[in-house]
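Quick look at data28.cif (mmCIF, C-alpha atoms):
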data_final
#
loop_
_atom_site.label_atom_id
_atom_site.label_comp_id
_atom_site.auth_asym_id
_atom_site.auth_seq_id
_atom_site.Cartn_x
_atom_site.Cartn_y
_atom_site.Cartn_z
CA MET A 22 -0.93 -13.42 92.84
CA LEU A 23 -1.75 -17.07 93.56
CA ARG A 24 -2.35 -17.64 89.86
CA SER A 25 1.07 -16.22 88.97
CA PHE A 26 2.68 -18.39 91.62
CA ILE A 27 1.01 -21.53 90.21
CA ILE A 28 2.10 -20.60 86.68
CA LEU A 29 5.67 -20.07 87.95
CA LEU A 30 5.63 -23.45 89.69
CA THR A 31 4.31 -25.16 86.56
CA CYS A 32 7.04 -23.55 84.45
CA LEU A 33 9.72 -24.60 86.95
CA SER A 34 8.54 -28.23 86.95
CA ALA A 35 8.47 -28.23 83.17
CA LEU A 36 12.03 -26.89 83.13
CA SER A 37 13.23 -29.60 85.50
CA VAL A 38 11.78 -32.30 83.22
CA MET A 39 13.28 -30.51 80.23
CA GLY A 40 16.66 -30.58 82.03
CA GLN A 41 16.97 -34.20 80.98
CA THR A 42 16.82 -34.55 77.22
CA LYS A 43 17.10 -37.55 74.97
CA LEU A 44 19.84 -37.15 72.39
CA THR A 45 18.96 -36.90 68.73
CA SER A 46 20.35 -39.65 66.53
CA GLU A 47 23.03 -37.27 65.21
CA GLN A 48 24.06 -36.21 68.75
CA GLU A 49 23.98 -39.84 69.84
CA LYS A 50 26.31 -40.80 67.01
CA GLN A 51 28.84 -38.13 68.00
CA VAL A 52 28.66 -38.96 71.70
CA LEU A 53 29.01 -42.68 71.08
CA ALA A 54 32.02 -42.08 68.84
CA LYS A 55 33.66 -40.02 71.59
CA MET A 56 32.81 -42.64 74.24
CA GLU A 57 34.20 -45.38 72.04
CA GLN A 58 37.37 -43.38 71.47
CA SER A 59 37.81 -42.85 75.23
CA SER A 60 37.06 -46.48 75.95
CA ASN A 61 39.61 -47.62 73.35
CA ALA A 62 42.23 -45.37 74.93
CA LEU A 63 41.54 -46.82 78.37
CA HIS A 64 43.81 -49.76 79.09
CA SER A 65 43.75 -49.71 82.84
CA LEU A 66 41.96 -47.84 85.58
CA GLN A 67 42.52 -47.53 89.27
CA CYS A 68 40.20 -45.46 91.46
CA ASP A 69 38.41 -45.17 94.77
CA PHE A 70 34.66 -45.50 94.97
CA VAL A 71 31.87 -44.55 97.31
CA GLN A 72 28.70 -46.63 97.20
CA SER A 73 25.50 -45.25 98.70
CA LYS A 74 22.35 -47.25 99.27
CA ARG A 75 19.16 -45.59 100.46
CA MET A 76 17.22 -48.02 102.64
CA LYS A 77 13.58 -46.97 102.51
CA ILE A 78 12.43 -49.04 105.47
CA LEU A 79 15.03 -47.46 107.77
CA SER A 80 15.02 -44.00 106.17
CA LYS A 81 18.78 -44.30 106.23
CA GLU A 82 21.59 -44.22 103.74
CA MET A 83 24.33 -46.79 103.99
CA GLN A 84 27.68 -45.78 102.60
CA SER A 85 30.50 -48.14 101.78
CA LYS A 86 33.87 -47.35 100.28
CA GLY A 87 36.53 -49.20 98.41
CA VAL A 88 38.95 -49.39 95.53
CA LEU A 89 38.50 -50.50 91.94
CA TYR A 90 41.14 -51.83 89.58
CA PHE A 91 40.45 -52.59 85.95
CA LYS A 92 42.74 -53.89 83.25
CA LYS A 93 41.70 -54.62 79.71
CA PRO A 94 40.16 -56.74 78.47
CA ASP A 95 38.54 -58.54 81.37
CA LYS A 96 40.32 -58.08 84.69
CA VAL A 97 38.49 -56.37 87.52
CA ARG A 98 39.09 -56.09 91.24
CA TRP A 99 36.18 -54.46 93.08
CA GLN A 100 37.16 -54.25 96.73
CA TYR A 101 35.12 -52.85 99.61
CA THR A 102 37.32 -51.70 102.46
CA THR A 103 34.90 -49.95 104.79
CA PRO A 104 32.70 -50.56 106.73
CA TYR A 105 33.03 -54.18 105.57
CA ASP A 106 35.62 -56.25 103.72
CA TYR A 107 34.41 -57.80 100.51
CA THR A 108 36.36 -58.37 97.32
CA PHE A 109 35.12 -59.36 93.88
CA ILE A 110 37.90 -60.37 91.50
CA MET A 111 37.32 -61.20 87.87
CA ASN A 112 40.14 -62.56 85.76
CA GLY A 113 38.95 -63.81 82.37
CA ASP A 114 36.47 -66.60 83.00
CA LYS A 115 37.36 -66.88 86.68
CA VAL A 116 35.68 -65.05 89.51
CA GLN A 117 36.70 -65.02 93.15
CA ILE A 118 34.63 -63.59 95.97
CA LYS A 119 36.28 -62.97 99.32
CA SER A 120 34.06 -62.02 102.21
CA ALA A 121 35.04 -61.67 105.86
CA LYS A 122 34.60 -65.40 106.45
CA LYS A 123 34.72 -67.19 103.12
CA THR A 124 36.50 -67.24 99.80
CA LYS A 125 34.72 -68.79 96.84
CA ASN A 126 35.72 -69.31 93.23
CA PHE A 127 33.36 -69.48 90.28
CA ASP A 128 33.65 -70.12 86.58
CA ILE A 129 31.72 -67.52 84.61
CA GLN A 130 31.02 -69.93 81.75
CA GLY A 131 29.09 -72.26 83.98
CA ASN A 132 27.23 -69.55 85.85
CA LYS A 133 24.58 -67.46 84.10
CA ILE A 134 24.23 -64.95 86.94
CA PHE A 135 27.96 -64.25 87.12
CA ARG A 136 28.09 -63.86 83.35
CA GLN A 137 25.43 -61.15 83.70
CA ILE A 138 27.20 -59.46 86.63
CA THR A 139 30.56 -59.35 84.90
CA THR A 140 28.96 -58.00 81.71
CA ILE A 141 27.33 -55.23 83.73
CA ILE A 142 30.59 -54.38 85.49
CA LEU A 143 32.63 -54.29 82.28
CA ASN A 144 29.99 -52.23 80.45
CA THR A 145 29.57 -49.74 83.25
CA VAL A 146 33.21 -49.29 84.23
CA THR A 147 34.55 -48.64 80.75
CA GLY A 148 31.43 -47.28 79.11
CA GLY A 149 32.71 -48.89 75.93
CA GLY A 150 30.42 -50.77 73.58
CA ILE A 151 27.55 -49.66 75.76
CA LYS A 152 25.18 -49.12 72.85
CA ASN A 153 26.00 -52.50 71.33
CA SER A 154 25.04 -54.35 74.48
CA VAL A 155 22.87 -57.38 73.74
CA ASP A 156 21.71 -57.50 77.35
CA PHE A 157 20.30 -53.96 77.59
CA ASP A 158 18.25 -51.46 75.64
CA VAL A 159 20.36 -48.32 75.87
CA THR A 160 19.23 -44.71 75.41
CA LEU A 161 21.48 -41.69 75.80
CA TYR A 162 20.43 -38.50 77.60
CA LYS A 163 21.96 -35.18 78.50
CA GLN A 164 21.23 -33.44 81.77
CA ASP A 165 22.89 -30.05 82.16
CA ASP A 166 26.50 -30.78 81.14
CA VAL A 167 26.35 -34.46 81.94
CA TYR A 168 25.70 -37.28 79.50
CA PHE A 169 24.26 -40.51 80.76
CA ALA A 170 23.20 -43.84 79.36
CA LYS A 171 20.01 -45.41 80.62
CA MET A 172 20.27 -49.19 80.34
CA LEU A 173 17.05 -51.18 80.50
CA PRO A 174 17.72 -54.89 81.08
CA LYS A 175 16.50 -57.40 78.51
CA LYS A 176 17.57 -60.61 80.24
CA LYS A 177 15.11 -62.21 82.64
CA GLU A 178 17.66 -62.70 85.44
CA VAL A 179 18.60 -59.01 85.53
CA LYS A 180 15.07 -57.78 84.84
CA GLN A 181 13.86 -59.55 87.97
CA VAL A 182 15.88 -57.24 90.19
CA TYR A 183 16.87 -54.11 88.28
CA ALA A 184 14.49 -51.70 86.55
CA ALA A 185 17.37 -49.74 85.04
CA ILE A 186 21.05 -48.96 85.32
CA GLU A 187 22.22 -45.42 84.57
CA VAL A 188 25.83 -44.74 83.68
CA TYR A 189 26.95 -41.10 83.99
CA PHE A 190 29.98 -39.77 82.12
CA ASN A 191 32.12 -36.74 82.83
CA PRO A 192 31.42 -33.71 80.58
CA ALA A 193 34.46 -34.48 78.42
CA LEU A 194 33.11 -38.02 77.87
CA THR A 195 36.46 -39.51 78.81
CA MET A 196 35.40 -41.36 81.97
CA VAL A 197 32.47 -42.97 83.73
CA GLU A 198 31.88 -40.96 86.90
CA ASN A 199 28.77 -42.37 88.47
CA ILE A 200 26.65 -45.51 88.22
CA LYS A 201 23.07 -45.68 89.48
CA MET A 202 21.42 -49.07 89.85
CA ILE A 203 17.65 -48.76 90.21
CA GLU A 204 15.80 -51.74 91.64
CA LYS A 205 12.29 -52.75 90.68
CA SER A 206 11.06 -51.50 94.06
CA GLY A 207 12.38 -48.01 93.27
CA GLU A 208 15.26 -48.27 95.76
CA TYR A 209 18.59 -47.47 94.23
CA THR A 210 22.32 -47.68 94.82
CA THR A 211 24.81 -45.18 93.46
CA VAL A 212 28.50 -45.77 92.96
CA LYS A 213 30.75 -42.75 92.48
CA LEU A 214 34.19 -43.35 90.98
CA LEU A 215 36.74 -41.00 92.53
CA SER A 216 40.36 -39.99 91.87
CA PRO A 217 40.75 -42.10 88.71
CA LYS A 218 44.26 -43.03 87.60
CA VAL A 219 44.15 -44.02 83.97
CA ASN A 220 46.64 -46.28 82.18
CA THR A 221 49.02 -46.66 85.09
CA THR A 222 50.78 -49.97 85.70
CA ILE A 223 48.74 -52.31 87.86
CA ASN A 224 50.45 -55.31 89.36
CA GLU A 225 49.00 -58.56 87.95
CA SER A 226 48.84 -60.04 91.45
CA ILE A 227 45.92 -57.68 92.16
CA PHE A 228 43.79 -59.84 89.86
CA LYS A 229 45.12 -63.20 91.02
CA VAL A 230 42.38 -65.79 91.54
CA ASN A 231 43.73 -68.56 93.75
CA MET B 4 26.69 -78.28 126.43
CA LEU B 5 25.92 -74.66 125.77
CA THR B 6 26.83 -72.05 128.29
CA ASP B 7 25.66 -68.49 128.56
CA SER B 8 28.32 -66.02 127.56
CA VAL B 9 28.79 -62.35 128.25
CA VAL B 10 28.24 -60.32 125.13
CA VAL B 11 29.80 -56.92 124.71
CA ASP B 12 27.49 -54.31 123.30
CA THR B 13 26.20 -56.19 120.29
CA VAL B 14 22.46 -55.99 120.32
CA VAL B 15 20.13 -53.12 119.64
CA THR B 16 19.01 -51.77 122.98
CA ASP B 17 18.74 -48.09 122.19
CA THR B 18 15.46 -47.41 120.41
CA ALA B 19 17.15 -44.95 118.08
CA GLU B 20 20.14 -47.12 117.40
CA ILE B 21 20.86 -48.88 114.16
CA ARG B 22 23.13 -51.92 114.07
CA GLN B 23 24.87 -53.44 111.07
CA TYR B 24 26.02 -57.02 110.70
CA ASN B 25 27.83 -59.01 108.07
CA LEU B 26 25.45 -61.87 107.44
CA LEU B 27 26.63 -65.22 106.13
CA LEU B 28 23.88 -67.67 105.29
CA GLU B 29 24.95 -71.26 104.67
CA ALA B 30 22.62 -73.97 103.45
CA GLY B 31 24.39 -77.15 102.41
CA PRO B 32 26.92 -76.29 99.70
CA HIS B 33 25.33 -72.87 99.11
CA GLN B 34 26.54 -69.71 100.79
CA ILE B 35 25.14 -66.21 100.55
CA SER B 36 26.73 -63.23 102.19
CA GLY B 37 25.26 -59.80 102.76
CA ILE B 38 24.69 -56.97 105.15
CA CYS B 39 21.89 -56.95 107.70
CA VAL B 40 20.88 -53.55 109.02
CA MET B 41 18.36 -53.43 111.85
CA LYS B 42 16.72 -50.84 114.04
CA MET B 43 14.87 -51.37 117.30
CA VAL B 44 11.71 -49.29 117.02
CA SER B 45 10.50 -50.37 120.48
CA PRO B 46 11.83 -52.84 123.07
CA THR B 47 10.11 -55.68 121.20
CA GLU B 48 9.87 -54.41 117.64
CA VAL B 49 12.60 -54.53 115.03
CA ILE B 50 12.67 -53.35 111.45
CA GLY B 51 15.47 -53.79 108.99
CA THR B 52 16.79 -54.93 105.70
CA VAL B 53 19.21 -57.44 104.22
CA ILE B 54 21.18 -56.27 101.21
CA ASN B 55 24.07 -57.78 99.31
CA GLU B 56 27.45 -56.06 99.36
CA PHE B 57 26.73 -54.38 96.02
CA GLY B 58 23.65 -52.75 97.54
CA LEU B 59 20.94 -54.95 96.06
CA THR B 60 18.05 -55.58 98.44
CA ALA B 61 17.43 -59.23 99.38
CA PHE B 62 14.49 -58.45 101.65
CA ASP B 63 13.11 -56.07 104.27
CA PHE B 64 11.75 -57.35 107.59
CA GLU B 65 9.48 -56.21 110.39
CA TYR B 66 9.32 -58.06 113.71
CA ASN B 67 6.34 -57.12 115.90
CA GLY B 68 7.35 -59.00 119.05
CA LYS B 69 5.80 -62.25 117.85
CA LYS B 70 6.13 -62.65 114.12
CA THR B 71 8.39 -61.46 111.35
CA LYS B 72 6.96 -60.17 108.11
CA LEU B 73 9.16 -60.07 105.02
CA SER B 74 8.71 -57.68 102.13
CA ASN B 75 10.48 -56.38 99.03
CA LEU B 76 11.80 -59.80 98.00
CA PRO B 77 13.04 -60.28 94.42
CA PRO B 78 11.08 -62.94 92.49
CA PHE B 79 13.75 -65.65 92.86
CA LEU B 80 13.46 -65.40 96.68
CA ASP B 81 9.75 -64.73 96.82
CA LYS B 82 8.63 -68.36 97.25
CA TRP B 83 6.27 -69.42 100.02
CA TYR B 84 8.67 -72.06 101.39
CA ILE B 85 11.59 -69.61 101.52
CA ARG B 86 9.43 -66.96 103.22
CA LYS B 87 8.13 -69.53 105.73
CA VAL B 88 11.60 -70.68 106.85
CA LEU B 89 13.14 -67.18 106.85
CA GLN B 90 10.24 -65.68 108.80
CA ALA B 91 10.30 -68.41 111.45
CA ASP B 92 14.11 -68.27 111.80
CA MET B 93 14.14 -64.51 112.09
CA SER B 94 11.32 -64.52 114.65
CA PHE B 95 13.36 -66.95 116.77
CA PHE B 96 16.45 -64.74 116.33
CA PHE B 97 14.70 -61.52 117.37
CA SER B 98 12.93 -63.17 120.30
CA LYS B 99 16.29 -64.24 121.74
CA LEU B 100 18.13 -60.97 121.11
CA PRO B 101 17.09 -59.03 124.22
CA LYS B 102 18.39 -61.63 126.70
CA GLN B 103 21.45 -62.61 124.67
CA LYS B 104 21.49 -66.08 126.14
CA ASN B 105 22.48 -69.18 124.24
CA VAL B 106 19.40 -71.29 123.60
CA ARG B 107 18.93 -74.74 122.13
CA LYS B 108 15.49 -75.92 121.05
CA ILE B 109 14.58 -79.03 119.08
CA SER B 110 14.55 -77.19 115.80
CA ARG B 111 16.91 -74.27 116.41
CA LEU B 112 20.06 -73.21 118.19
CA ILE B 113 21.35 -69.70 118.85
CA THR B 114 24.73 -68.77 120.32
CA PHE B 115 26.16 -65.40 121.32
CA SER B 116 29.95 -65.04 121.25
CA PRO B 117 31.86 -62.62 123.47
CA ASP B 118 33.13 -60.79 120.38
CA GLY B 119 29.56 -59.97 119.37
CA GLU B 120 29.05 -62.66 116.75
CA ILE B 121 25.66 -64.35 116.79
CA THR B 122 25.07 -67.75 115.21
CA LEU B 123 21.66 -69.18 114.51
CA ILE B 124 21.24 -72.73 113.24
CA ASN B 125 18.05 -74.13 111.85
CA ILE B 126 18.69 -77.77 112.74
CA ARG B 127 15.87 -79.24 110.69
CA PHE B 128 16.81 -77.56 107.42
CA LYS B 129 20.56 -77.33 108.17
CA ILE B 130 20.72 -73.58 107.63
CA LYS B 131 23.33 -71.54 109.47
CA TYR B 132 23.12 -67.77 109.86
CA THR B 133 26.22 -65.97 111.16
CA PHE B 134 25.80 -62.33 112.17
CA THR B 135 29.14 -60.54 112.64
CA PRO B 136 28.94 -56.94 113.89
CA ILE B 137 30.19 -54.26 111.53
CA ILE B 138 32.04 -51.60 113.45
CA GLU B 139 31.91 -48.25 111.68
CA GLU B 140 35.05 -46.17 112.05
#
Starting from the file, lay out its structure as structure tokens.
Amino acid sequence: MLRSFIILLTCLSALSVMGQTKLTSEQEKQVLAKMEQSSNALHSLQCDFVQSKRMKILSKEMQSKGVLYFKKPDKVRWQYTTPYDYTFIMNGDKVQIKSAKKTKNFDIQGNKIFRQITTIILNTVTGGGIKNSVDFDVTLYKQDDVYFAKMLPKKKEVKQVYAAIEVYFNPALTMVENIKMIEKSGEYTTVKLLSPKVNTTINESIFKVN
Amino acid sequence: MLTDSVVVDTVVTDTAEIRQYNLLLEAGPHQISGICVMKMVSPTEVIGTVINEFGLTAFDFEYNGKKTKLSNLPPFLDKWYIRKVLQADMSFFFSKLPKQKNVRKISRLITFSPDGEITLINIRFKIKYTFTPIIEE
């Protein structure tokens, strides 16, 4: 009886590992083509997001919420509305960060770290050109009905903090649904994109960097 | 001259309670903002973490009633001189939390505002920490 139980457990664990499979080169080609097609068709995006961070030391999850606006090719507004106010605006080479007490402007060209951050945001939000990224080694997997890209950082600055970034797509491969940022310590943050509105008109003032 | 002020419900007094603060750290022209989450595990012991708004961990801390120990620092923060200053500043901060009285020493100054904001200044190194309570809806 015990032996059967152990065999059953072993089979179940094997199945759970098998649940996540690396795509063959042919599958990868097809998926990438579909992703590229979806990314090309995406001109603007507006959605809510929920960010969850598991804090090991406190055995607690912190959840923050906000709104995301994206307009091709390089305009992003990533705004946290609860429980804290924090806004990251990218407009071309300009970045503005507004926190509760301060507003600061940066030029991406003169700031290596911000160049990396904006590359990550653009890659993960649109999912486009993900495989051609020069900053990450990217492998595609399928888990149940969900495709995801595992991005391993190549650049020293990103490597120092992130072990990997996983970008999850919806089954139809038309949208990024979930982003998981895994730190070197094993702690991770997930960002779920909710209620996406694609290709609607977004007022330019949303991306204004003063 | 500093005066003691009445602080409304800002500091961790319940052993099971977790408090969240917006943390703004200013050192000369440099500013770093983040979220500081802390939990009182006993009347004199505090554990917690500082993360940036995007969720990335800056460091974890444990205060045992005398000293603060930092852990989980990314390599760019994990320098002995950064640890030394942060640990000493945080120890001063936690030691003054229970009484919530404004204190000025030769090297440091801490003030408690009625709205719950706490400001710590490291006078020697000109570092200012502003802790603003985050009220969850």
Find the residues near range 103-115 of chain B: any atom within 6 Å, counting only C-alpha atoms, skip ones fewer than 5 places away on the same chain, and give them as a PDB file with C-alpha atoms, keeping the file's coordinate frame.
ATOM      1  CA  ASP B   7      25.660 -68.490 128.560  1.00  0.00           C
ATOM      2  CA  ILE B 121      25.660 -64.350 116.790  1.00  0.00           C
ATOM      3  CA  THR B 122      25.070 -67.750 115.210  1.00  0.00           C
ATOM      4  CA  LEU B 123      21.660 -69.180 114.510  1.00  0.00           C
ATOM      5  CA  ILE B 124      21.240 -72.730 113.240  1.00  0.00           C
ATOM      6  CA  ASN B 125      18.050 -74.130 111.850  1.00  0.00           C
ATOM      7  CA  ILE B 126      18.690 -77.770 112.740  1.00  0.00           C
ATOM      8  CA  ARG B 127      15.870 -79.240 110.690  1.00  0.00           C
TER       9      ARG B 127
END
Residues of chain B that approach chain A to 8 Å or less, counting all atoms listed in the file: could you list each one with the shortest pair of atoms and its distance in Å to one decimal, rows by chain and increasing residue number, as JSON lines?
{"residue": "B:Asn25", "atom": "CA", "partner": "A:Tyr105", "partner_atom": "CA", "distance": 7.5}
{"residue": "B:Leu27", "atom": "CA", "partner": "A:Lys122", "partner_atom": "CA", "distance": 8.0}
{"residue": "B:Ser36", "atom": "CA", "partner": "A:Ser120", "partner_atom": "CA", "distance": 7.4}
{"residue": "B:Met41", "atom": "CA", "partner": "A:Leu79", "partner_atom": "CA", "distance": 8.0}
{"residue": "B:Lys42", "atom": "CA", "partner": "A:Leu79", "partner_atom": "CA", "distance": 7.3}
{"residue": "B:Ile50", "atom": "CA", "partner": "A:Leu79", "partner_atom": "CA", "distance": 7.3}
{"residue": "B:Gly51", "atom": "CA", "partner": "A:Leu79", "partner_atom": "CA", "distance": 6.5}
{"residue": "B:Thr52", "atom": "CA", "partner": "A:Ile78", "partner_atom": "CA", "distance": 7.3}
{"residue": "B:Glu56", "atom": "CA", "partner": "A:Tyr107", "partner_atom": "CA", "distance": 7.3}
{"residue": "B:Gly58", "atom": "CA", "partner": "A:Thr210", "partner_atom": "CA", "distance": 5.9}
{"residue": "B:Leu59", "atom": "CA", "partner": "A:Glu204", "partner_atom": "CA", "distance": 7.5}
{"residue": "B:Asp63", "atom": "CA", "partner": "A:Ile78", "partner_atom": "CA", "distance": 7.2}
{"residue": "B:Asn75", "atom": "CA", "partner": "A:Ser206", "partner_atom": "CA", "distance": 7.0}
{"residue": "B:Pro77", "atom": "CA", "partner": "A:Val182", "partner_atom": "CA", "distance": 5.9}
{"residue": "B:Pro78", "atom": "CA", "partner": "A:Gln181", "partner_atom": "CA", "distance": 6.3}
{"residue": "B:Phe79", "atom": "CA", "partner": "A:Gln181", "partner_atom": "CA", "distance": 7.8}
{"residue": "B:Ile137", "atom": "CA", "partner": "A:Pro104", "partner_atom": "CA", "distance": 6.6}
{"residue": "B:Ile138", "atom": "CA", "partner": "A:Pro104", "partner_atom": "CA", "distance": 6.8}
{"residue": "B:Glu139", "atom": "CA", "partner": "A:Pro104", "partner_atom": "CA", "distance": 5.5}
{"residue": "B:Glu140", "atom": "CA", "partner": "A:Pro104", "partner_atom": "CA", "distance": 7.3}
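One finds CA of Asp69 in chain A at 19.1 Å from CA of Leu194 in chain A.
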| Neighbours of Lys72 in chain B within 10 Å (all atoms listed in the file; same-chain residues fewer than 6 positions away dropped), as JSON, numbers by chain? | {"B": [50, 63, 64, 65, 66, 86, 87, 89, 90, 91, 93, 94]}
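When the PyMOL selection byres ((chain A and resi 165) around 10) is evaluated against the file, it yields Met39, Gly40, Gln41, Thr42, Tyr162, Lys163, Gln164, Asp166, Val167, Tyr168 and Pro192 of chain A.
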| note | Computed gap from CA of Gln23 in chain B to CA of Val49 in chain B is 12.9 Å
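Taking CA of Lys96 in chain A and CA of Phe228 in chain A as endpoints, the distance between them is 6.5 Å.
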